$ cat input18.tsv   # TSV, C-alpha atoms and all ligand atoms
chain	number	residue	atom	x	y	z
A	22	MET	CA	8.37	15.98	0.70
A	23	ALA	CA	7.76	14.10	3.91
A	24	TYR	CA	5.13	11.39	3.84
A	25	ALA	CA	3.81	11.47	7.38
A	26	ARG	CA	0.95	9.25	8.37
A	27	LEU	CA	-2.37	11.08	8.51
A	28	PRO	CA	-3.17	12.18	12.05
A	29	LEU	CA	-5.74	10.26	14.02
A	30	GLU	CA	-8.65	12.37	15.15
A	31	SER	CA	-8.72	10.79	18.58
A	32	GLU	CA	-7.55	7.80	20.53
A	33	VAL	CA	-10.67	5.89	19.45
A	34	SER	CA	-9.76	2.28	18.81
A	35	LEU	CA	-12.27	0.33	16.74
A	36	ARG	CA	-12.47	-3.35	15.96
A	37	ARG	CA	-14.25	-5.10	13.14
A	38	ASP	CA	-17.45	-5.49	15.13
A	39	SER	CA	-17.47	-1.85	16.28
A	40	PRO	CA	-20.36	0.35	15.10
A	41	PHE	CA	-19.24	2.40	12.11
A	42	SER	CA	-20.53	3.71	8.80
A	43	TYR	CA	-19.39	6.37	6.33
A	44	ASP	CA	-21.42	8.20	3.73
A	45	CYS	CA	-19.09	9.60	1.06
A	46	ALA	CA	-20.37	12.96	-0.22
A	47	GLY	CA	-18.34	12.68	-3.43
A	48	CYS	CA	-16.63	16.01	-2.80
A	49	GLY	CA	-13.18	14.62	-3.71
A	50	ARG	CA	-11.47	16.68	-1.01
A	51	CYS	CA	-9.88	13.64	0.59
A	52	CYS	CA	-7.86	13.20	-2.65
A	53	HIS	CA	-5.87	16.43	-2.13
A	54	ASP	CA	-2.50	17.01	-0.48
A	55	LYS	CA	-1.78	13.43	0.50
A	56	GLY	CA	1.11	11.09	-0.16
A	57	ILE	CA	-0.77	7.95	-1.16
A	58	ARG	CA	1.46	4.98	-0.37
A	59	ILE	CA	1.30	1.94	-2.59
A	60	GLY	CA	2.82	-1.53	-2.63
A	61	PRO	CA	3.54	-3.99	-5.46
A	62	TYR	CA	-0.06	-5.21	-5.78
A	63	GLU	CA	-1.47	-1.70	-5.88
A	64	ALA	CA	1.12	-0.64	-8.47
A	65	LEU	CA	0.07	-3.64	-10.57
A	66	ARG	CA	-3.67	-2.93	-10.29
A	67	LEU	CA	-3.20	0.77	-11.08
A	68	ALA	CA	-0.82	0.05	-13.96
A	69	ARG	CA	-3.30	-2.32	-15.59
A	70	ALA	CA	-6.13	0.19	-15.04
A	71	ARG	CA	-4.08	2.65	-17.11
A	72	GLY	CA	-3.05	0.07	-19.71
A	73	LEU	CA	0.59	0.27	-18.65
A	74	SER	CA	3.34	-2.05	-17.51
A	75	THR	CA	4.31	-1.61	-13.88
A	76	THR	CA	7.68	-0.29	-15.10
A	77	ALA	CA	6.02	2.49	-17.11
A	78	PHE	CA	3.45	3.18	-14.41
A	79	LEU	CA	6.04	3.57	-11.66
A	80	ALA	CA	8.08	5.97	-13.81
A	81	GLN	CA	5.07	8.07	-14.80
A	82	PHE	CA	2.93	8.21	-11.67
A	83	THR	CA	5.09	7.64	-8.58
A	84	GLU	CA	7.94	9.08	-6.56
A	85	ALA	CA	9.95	8.06	-3.49
A	86	GLY	CA	11.27	4.97	-5.28
A	87	GLY	CA	7.81	4.01	-6.51
A	88	THR	CA	6.24	3.88	-3.06
A	89	VAL	CA	4.07	7.04	-3.27
A	90	LEU	CA	1.72	8.42	-5.95
A	91	ARG	CA	3.15	11.63	-7.37
A	92	ASN	CA	0.63	14.43	-6.90
A	93	ARG	CA	0.01	17.08	-9.52
A	94	ALA	CA	1.49	20.54	-8.93
A	95	ASP	CA	-1.79	21.65	-7.28
A	96	GLY	CA	-1.56	18.83	-4.74
A	97	THR	CA	-4.30	16.66	-6.23
A	98	CYS	CA	-3.89	12.95	-6.78
A	99	PRO	CA	-2.98	12.17	-10.42
A	100	PHE	CA	-6.17	10.11	-10.71
A	101	LEU	CA	-8.64	12.71	-9.46
A	102	ALA	CA	-10.87	13.89	-12.33
A	103	GLY	CA	-13.12	16.68	-11.11
A	104	HIS	CA	-14.57	15.14	-7.96
A	105	ALA	CA	-14.23	11.52	-9.13
A	106	CYS	CA	-11.53	8.88	-8.95
A	107	GLU	CA	-10.54	7.68	-12.43
A	108	VAL	CA	-9.25	4.38	-11.04
A	109	HIS	CA	-12.01	3.74	-8.51
A	110	ALA	CA	-12.21	-0.04	-9.10
A	111	ASP	CA	-8.43	-0.32	-8.61
A	112	ARG	CA	-7.84	2.41	-6.01
A	113	PRO	CA	-5.17	1.72	-3.36
A	114	LEU	CA	-5.85	0.25	0.07
A	115	VAL	CA	-5.46	3.51	1.99
A	116	CYS	CA	-8.13	5.10	-0.23
A	117	ARG	CA	-10.46	2.21	0.53
A	118	LEU	CA	-9.83	2.45	4.28
A	119	TYR	CA	-10.38	6.22	4.53
A	120	PRO	CA	-11.53	7.64	6.95
A	121	LEU	CA	-10.17	4.72	8.94
A	122	GLY	CA	-6.52	4.03	9.66
A	123	ARG	CA	-5.52	0.42	10.33
A	124	GLN	CA	-2.89	-0.65	12.83
A	125	VAL	CA	-1.53	-4.17	13.14
A	126	ASP	CA	-0.13	-5.22	16.51
A	127	PRO	CA	3.03	-7.34	16.79
A	128	ASP	CA	0.80	-10.31	17.68
A	129	GLY	CA	-1.18	-9.84	14.45
A	130	GLY	CA	-4.25	-8.26	16.04
A	131	GLU	CA	-5.69	-5.22	14.29
A	132	THR	CA	-7.42	-2.04	15.37
A	133	PHE	CA	-8.81	0.90	13.42
A	134	GLY	CA	-8.52	4.57	14.27
A	135	LEU	CA	-10.52	7.51	12.95
A	136	LEU	CA	-8.45	9.80	10.73
A	137	ALA	CA	-8.92	13.54	11.01
A	138	PRO	CA	-11.22	14.78	8.18
A	139	GLN	CA	-9.07	15.81	5.22
A	140	ASN	CA	-9.35	19.29	3.70
A	141	GLY	CA	-12.89	19.80	4.96
A	142	SER	CA	-14.12	16.53	3.49
A	143	GLU	CA	-17.93	16.49	3.46
A	144	GLY	CA	-18.34	12.76	4.14
A	145	ARG	CA	-20.44	11.83	7.13
A	146	ARG	CA	-19.56	9.22	9.72
A	147	GLY	CA	-22.19	7.28	11.55
A	148	GLU	CA	-22.92	4.04	13.34
A	149	ALA	CA	-25.40	2.49	10.91
A	150	GLY	CA	-23.23	-0.59	10.34
A	151	THR	CA	-19.98	-2.10	11.51
A	152	VAL	CA	-16.35	-1.65	10.58
A	153	ALA	CA	-16.42	-5.14	9.01
A	154	GLU	CA	-19.36	-4.20	6.77
A	155	PHE	CA	-17.63	-0.98	5.72
A	156	LEU	CA	-14.41	-2.85	4.87
A	157	HIS	CA	-16.31	-5.45	2.85
A	158	ARG	CA	-18.08	-2.79	0.81
A	159	GLN	CA	-14.72	-1.18	0.11
A	160	GLY	CA	-13.30	-4.45	-1.24
A	161	VAL	CA	-10.26	-4.47	1.03
A	162	GLU	CA	-9.95	-8.27	1.37
A	163	PRO	CA	-7.56	-9.01	-1.54
A	164	PHE	CA	-5.47	-5.95	-0.67
A	165	LEU	CA	-5.06	-6.99	2.97
A	166	ALA	CA	-4.29	-10.61	2.05
A	167	VAL	CA	-1.56	-9.59	-0.41
A	168	ALA	CA	-0.22	-6.92	1.96
A	169	ALA	CA	0.26	-9.58	4.66
A	170	ARG	CA	2.32	-11.72	2.24
A	171	TYR	CA	4.57	-8.83	1.27
A	172	ALA	CA	4.88	-7.70	4.91
A	173	ALA	CA	6.22	-11.12	5.90
A	174	LEU	CA	8.65	-11.01	2.97
A	175	TYR	CA	9.67	-7.46	3.89
A	176	ASP	CA	10.49	-8.49	7.47
A	177	ARG	CA	12.51	-11.44	6.20
A	178	MET	CA	14.37	-9.21	3.75
A	179	LEU	CA	15.37	-6.79	6.51
A	180	ASP	CA	16.51	-9.72	8.63
A	181	VAL	CA	18.63	-11.17	5.81
A	182	LEU	CA	20.14	-7.79	4.96
A	183	SER	CA	21.00	-7.18	8.61
A	184	ARG	CA	22.95	-10.44	8.67
A	185	LEU	CA	25.08	-9.48	5.67
A	186	GLU	CA	26.76	-6.79	7.75
A	187	PRO	CA	26.65	-5.93	11.45
A	188	ALA	CA	23.15	-4.69	12.31
A	189	THR	CA	24.02	-1.21	13.52
A	190	PRO	CA	21.18	1.34	13.74
A	191	GLN	CA	22.68	3.13	10.71
A	192	ARG	CA	22.88	-0.14	8.80
A	193	LEU	CA	19.21	-0.90	9.54
A	194	ALA	CA	18.21	2.61	8.51
A	195	ASN	CA	20.13	2.19	5.23
A	196	ASP	CA	18.43	-1.17	4.59
A	197	ARG	CA	15.00	0.34	5.14
A	198	SER	CA	15.87	3.23	2.84
A	199	ALA	CA	17.03	0.81	0.13
A	200	LEU	CA	13.75	-1.08	0.40
A	201	ASP	CA	11.53	1.98	0.61
A	202	THR	CA	13.15	4.36	-1.82
A	203	GLY	CA	16.43	2.98	-3.06
A	204	GLU	CA	17.75	0.52	-5.58
A	205	LEU	CA	16.00	-2.49	-4.04
A	206	ALA	CA	12.65	-0.77	-4.44
A	207	SER	CA	12.48	-1.48	-8.17
A	208	ALA	CA	12.66	-5.28	-7.74
A	209	TRP	CA	10.28	-4.98	-4.83
A	210	LEU	CA	7.65	-2.91	-6.63
A	211	ASP	CA	8.12	-3.53	-10.33
A	212	ILE	CA	6.38	-6.85	-10.89
A	213	ASP	CA	6.64	-6.73	-14.70
A	214	ALA	CA	10.40	-6.24	-14.49
A	215	THR	CA	10.70	-9.28	-12.21
A	216	VAL	CA	8.22	-11.81	-13.61
A	217	PRO	CA	8.68	-13.32	-17.12
A	218	THR	CA	6.29	-11.83	-19.67
A	219	ASP	CA	5.27	-15.24	-21.07
A	220	THR	CA	3.33	-16.13	-17.90
A	221	PRO	CA	-0.41	-15.62	-17.23
A	222	GLN	CA	-1.01	-11.93	-16.64
A	223	ASP	CA	-3.88	-11.98	-14.13
A	224	PRO	CA	-2.91	-10.10	-10.91
A	225	PRO	CA	-3.21	-13.08	-8.48
A	226	THR	CA	-0.89	-15.21	-10.64
A	227	LEU	CA	1.56	-12.36	-11.11
A	228	VAL	CA	1.67	-11.75	-7.35
A	229	ASP	CA	2.31	-15.47	-6.74
A	230	LEU	CA	5.17	-15.44	-9.26
A	231	HIS	CA	6.59	-12.19	-7.88
A	232	VAL	CA	6.54	-13.45	-4.27
A	233	ALA	CA	8.17	-16.70	-5.43
A	234	ALA	CA	10.89	-14.78	-7.31
A	235	LEU	CA	11.63	-12.56	-4.29
A	236	THR	CA	11.66	-15.61	-2.02
A	237	ARG	CA	14.17	-17.42	-4.29
A	238	TRP	CA	16.30	-14.28	-4.34
A	239	LEU	CA	16.24	-14.10	-0.52
A	240	ASP	CA	17.06	-17.81	-0.27
A	241	GLU	CA	20.16	-17.24	-2.41
A	242	ILE	CA	21.29	-14.22	-0.38
A	243	GLU	CA	20.62	-16.02	2.89
A	244	ALA	CA	22.72	-18.99	1.76
A	245	HIS	CA	25.68	-16.61	1.47
A	246	ALA	CA	24.85	-14.71	4.67
A	247	THR	CA	25.08	-17.72	7.00
B	1	LIG	S1	-6.48	6.95	-6.13
B	1	LIG	FE1	-8.58	7.73	-6.36
B	1	LIG	S2	-9.46	7.64	-4.27
B	1	LIG	FE2	-7.21	7.49	-4.05
B	1	LIG	S3	-6.50	9.61	-3.69
B	1	LIG	FE3	-6.38	9.18	-5.94
B	1	LIG	S4	-8.34	9.95	-6.80
B	1	LIG	FE4	-8.60	9.72	-4.55
$ encode --input "input18.tsv" --output "structure tokens" --more "lines below"
Ligand code: SF4
Amino acid sequence: MAYARLPLESEVSLRRDSPFSYDCAGCGRCCHDKGIRIGPYEALRLARARGLSTTAFLAQFTEAGGTVLRNRADGTCPFLAGHACEVHADRPLVCRLYPLGRQVDPDGGETFGLLAPQNGSEGRRGEAGTVAEFLHRQGVEPFLAVAARYAALYDRMLDVLSRLEPATPQRLANDRSALDTGELASAWLDIDATVPTDTPQDPPTLVDLHVAALTRWLDEIEAHAT
């Protein structure tokens, strides 16, 4: 299965102060036929919502090396129950952003595009508020803050890996594959397999410890790469 990004409906480019609102109709149609991408923090939140370790959660509910939720045979998300999301309080970032898509520029600036309505979704868009108000109601702040930390680590990891061997296009593609779907993905995504179990188990502390562990690991590799 290919996990293409959802198509943008138009070239509309919104910013946080742009007029925007969205009234969810609760039809659940946007939870069909997608490849919901997750990162380490989302895997942790979802695992705890299901009373699982991240190791067990990743094995049971994901594919593509743990980076995508594994849909049921009928194409529905594994957490869709009727028309409702069983993990609503812990749903992933892309679910919170829908029907917006977020792009980050190389200089760190962000814009938001409008995604094409999914599967005849009955939600209604409007201009009764702003993008910022919509994002706040969706609780995206902790997800974006953690995503920025992992993105910086991800870029550093690719840089370190590229210095271990000549950075040919094939080498870079292999590195990305190892991080996205290969053997490195387990350390990257599986927080419980990386962080000692005798530490505080609240998600912010676990993320701090996981980022610190990955950083130490990169420091050690980098010491041998230079
Ligand atoms: S996690 Fe919840 S909101 Fe996201 S696709 Fe699955 S059922 Fe829908």
$ closest_residue --input "input18.tsv" --among "A:Gly103, A:Ser42, A:Asp219, A:Pro61" --to "Leu235 in chain A" --atoms "all atoms listed in the file"
A:Pro61
$ closest_residue --input "input18.tsv" --among "A:Thr236, A:Gln124, A:Ser142, A:Ser74" --to "ligand LIG 1 (chain B)" --atoms "only C-alpha atoms and all ligand atoms"
A:Ser142
$ residues_around --input "input18.tsv" --residues "Gly141 in chain A" --least-positions-apart "6" --cutoff "10 Å" --atoms "only C-alpha atoms" --output "PyMOL selection string"
chain A and resi 48+50-51
$ residues_near_ligand --input "input18.tsv" --ligand "ligand LIG 1 (chain B)" --cutoff "7 Å" --atoms "only C-alpha atoms and all ligand atoms" --output "list in words"
Gly49, Cys51, Cys52, Ile57, Cys98, Pro99, Phe100, Leu101, Ala105, Cys106, Glu107, Val108, His109, Arg112, Pro113 and Cys116 of chain A
$ closest_residue --input "input18.tsv" --among "A:Pro224, A:Ala208, A:Arg158, A:Leu121" --to "Gly87 in chain A" --atoms "only C-alpha atoms"
A:Ala208
$ atom_distance --input "input18.tsv" --atom1 "CA of Gly130 in chain A" --atom2 "CA of Arg36 in chain A"
9.6 Å
$ atom_distance --input "input18.tsv" --atom1 "CA of Ala137 in chain A" --atom2 "CA of Ala168 in chain A"
24.0 Å
$ atom_distance --input "input18.tsv" --atom1 "CA of Gly147 in chain A" --atom2 "CA of Phe41 in chain A"
5.7 Å
$ closest_residue --input "input18.tsv" --among "A:Lys55, A:Arg117, A:His157, A:Arg177" --to "Leu90 in chain A" --atoms "all atoms listed in the file"
A:Lys55
$ closest_residue --input "input18.tsv" --among "A:Gln81, A:Thr76, A:Thr132, A:Asn92" --to "Val33 in chain A" --atoms "all atoms listed in the file"
A:Thr132
$ closest_residue --input "input18.tsv" --among "A:His53, A:Tyr175, A:Gln159, A:Gly122" --to "Arg93 in chain A" --atoms "only C-alpha atoms"
A:His53
$ residues_near_point --input "input18.tsv" --point "(-8.7, 0.3, -12.4)" --cutoff "6 Å" --atoms "all atoms listed in the file" --output "list in words"
Leu67, Ala70, Val108, Ala110 and Asp111 of chain A
$ residues_near_point --input "input18.tsv" --point "(-16.1, -0.8, 6.5)" --cutoff "10 Å" --atoms "all atoms listed in the file" --output "PyMOL selection string"
chain A and resi 37-43+117-121+150-161
$ decode --input "input18.tsv" --residues "range 40-56 of chain A" --atoms "N, CA and C atoms" --output "PDB file, in the first residue's frame"
ATOM      1  N   PRO A  40      -9.336  33.432   8.324  1.00  0.00           N
ATOM      2  CA  PRO A  40     -10.681  32.979   8.713  1.00  0.00           C
ATOM      3  C   PRO A  40     -10.864  31.508   8.391  1.00  0.00           C
ATOM      4  N   PHE A  41     -11.333  30.749   9.361  1.00  0.00           N
ATOM      5  CA  PHE A  41     -11.584  29.318   9.143  1.00  0.00           C
ATOM      6  C   PHE A  41     -12.392  28.755  10.306  1.00  0.00           C
ATOM      7  N   SER A  42     -13.315  27.868   9.982  1.00  0.00           N
ATOM      8  CA  SER A  42     -14.008  27.088  11.013  1.00  0.00           C
ATOM      9  C   SER A  42     -14.434  25.773  10.367  1.00  0.00           C
ATOM     10  N   TYR A  43     -14.719  24.786  11.208  1.00  0.00           N
ATOM     11  CA  TYR A  43     -15.142  23.480  10.688  1.00  0.00           C
ATOM     12  C   TYR A  43     -16.130  22.863  11.655  1.00  0.00           C
ATOM     13  N   ASP A  44     -17.314  22.553  11.144  1.00  0.00           N
ATOM     14  CA  ASP A  44     -18.327  21.884  11.948  1.00  0.00           C
ATOM     15  C   ASP A  44     -18.357  20.415  11.560  1.00  0.00           C
ATOM     16  N   CYS A  45     -17.835  19.567  12.447  1.00  0.00           N
ATOM     17  CA  CYS A  45     -17.835  18.117  12.209  1.00  0.00           C
ATOM     18  C   CYS A  45     -19.275  17.594  12.310  1.00  0.00           C
ATOM     19  N   ALA A  46     -19.700  16.824  11.319  1.00  0.00           N
ATOM     20  CA  ALA A  46     -21.056  16.266  11.334  1.00  0.00           C
ATOM     21  C   ALA A  46     -21.094  14.916  12.040  1.00  0.00           C
ATOM     22  N   GLY A  47     -19.951  14.406  12.454  1.00  0.00           N
ATOM     23  CA  GLY A  47     -19.920  13.120  13.150  1.00  0.00           C
ATOM     24  C   GLY A  47     -20.246  11.935  12.258  1.00  0.00           C
ATOM     25  N   CYS A  48     -20.046  12.081  10.955  1.00  0.00           N
ATOM     26  CA  CYS A  48     -20.393  10.991  10.037  1.00  0.00           C
ATOM     27  C   CYS A  48     -19.329   9.889  10.032  1.00  0.00           C
ATOM     28  N   GLY A  49     -18.112  10.203  10.466  1.00  0.00           N
ATOM     29  CA  GLY A  49     -17.039   9.205  10.525  1.00  0.00           C
ATOM     30  C   GLY A  49     -16.427   8.858   9.187  1.00  0.00           C
ATOM     31  N   ARG A  50     -16.869   9.507   8.110  1.00  0.00           N
ATOM     32  CA  ARG A  50     -16.369   9.118   6.784  1.00  0.00           C
ATOM     33  C   ARG A  50     -14.910   9.498   6.566  1.00  0.00           C
ATOM     34  N   CYS A  51     -14.433  10.484   7.309  1.00  0.00           N
ATOM     35  CA  CYS A  51     -13.027  10.863   7.131  1.00  0.00           C
ATOM     36  C   CYS A  51     -12.087   9.829   7.769  1.00  0.00           C
ATOM     37  N   CYS A  52     -12.639   8.807   8.416  1.00  0.00           N
ATOM     38  CA  CYS A  52     -11.819   7.777   9.078  1.00  0.00           C
ATOM     39  C   CYS A  52     -11.768   6.500   8.248  1.00  0.00           C
ATOM     40  N   HIS A  53     -12.069   6.608   6.952  1.00  0.00           N
ATOM     41  CA  HIS A  53     -12.035   5.479   6.032  1.00  0.00           C
ATOM     42  C   HIS A  53     -10.903   5.665   5.019  1.00  0.00           C
ATOM     43  N   ASP A  54     -10.284   4.562   4.639  1.00  0.00           N
ATOM     44  CA  ASP A  54      -9.390   4.516   3.471  1.00  0.00           C
ATOM     45  C   ASP A  54      -8.238   5.508   3.555  1.00  0.00           C
ATOM     46  N   LYS A  55      -7.718   5.700   4.730  1.00  0.00           N
ATOM     47  CA  LYS A  55      -6.544   6.560   4.875  1.00  0.00           C
ATOM     48  C   LYS A  55      -5.392   5.743   5.425  1.00  0.00           C
ATOM     49  N   GLY A  56      -4.200   6.265   5.276  1.00  0.00           N
ATOM     50  CA  GLY A  56      -3.032   5.719   5.961  1.00  0.00           C
ATOM     51  C   GLY A  56      -2.628   6.748   6.995  1.00  0.00           C
TER      52      GLY A  56
END
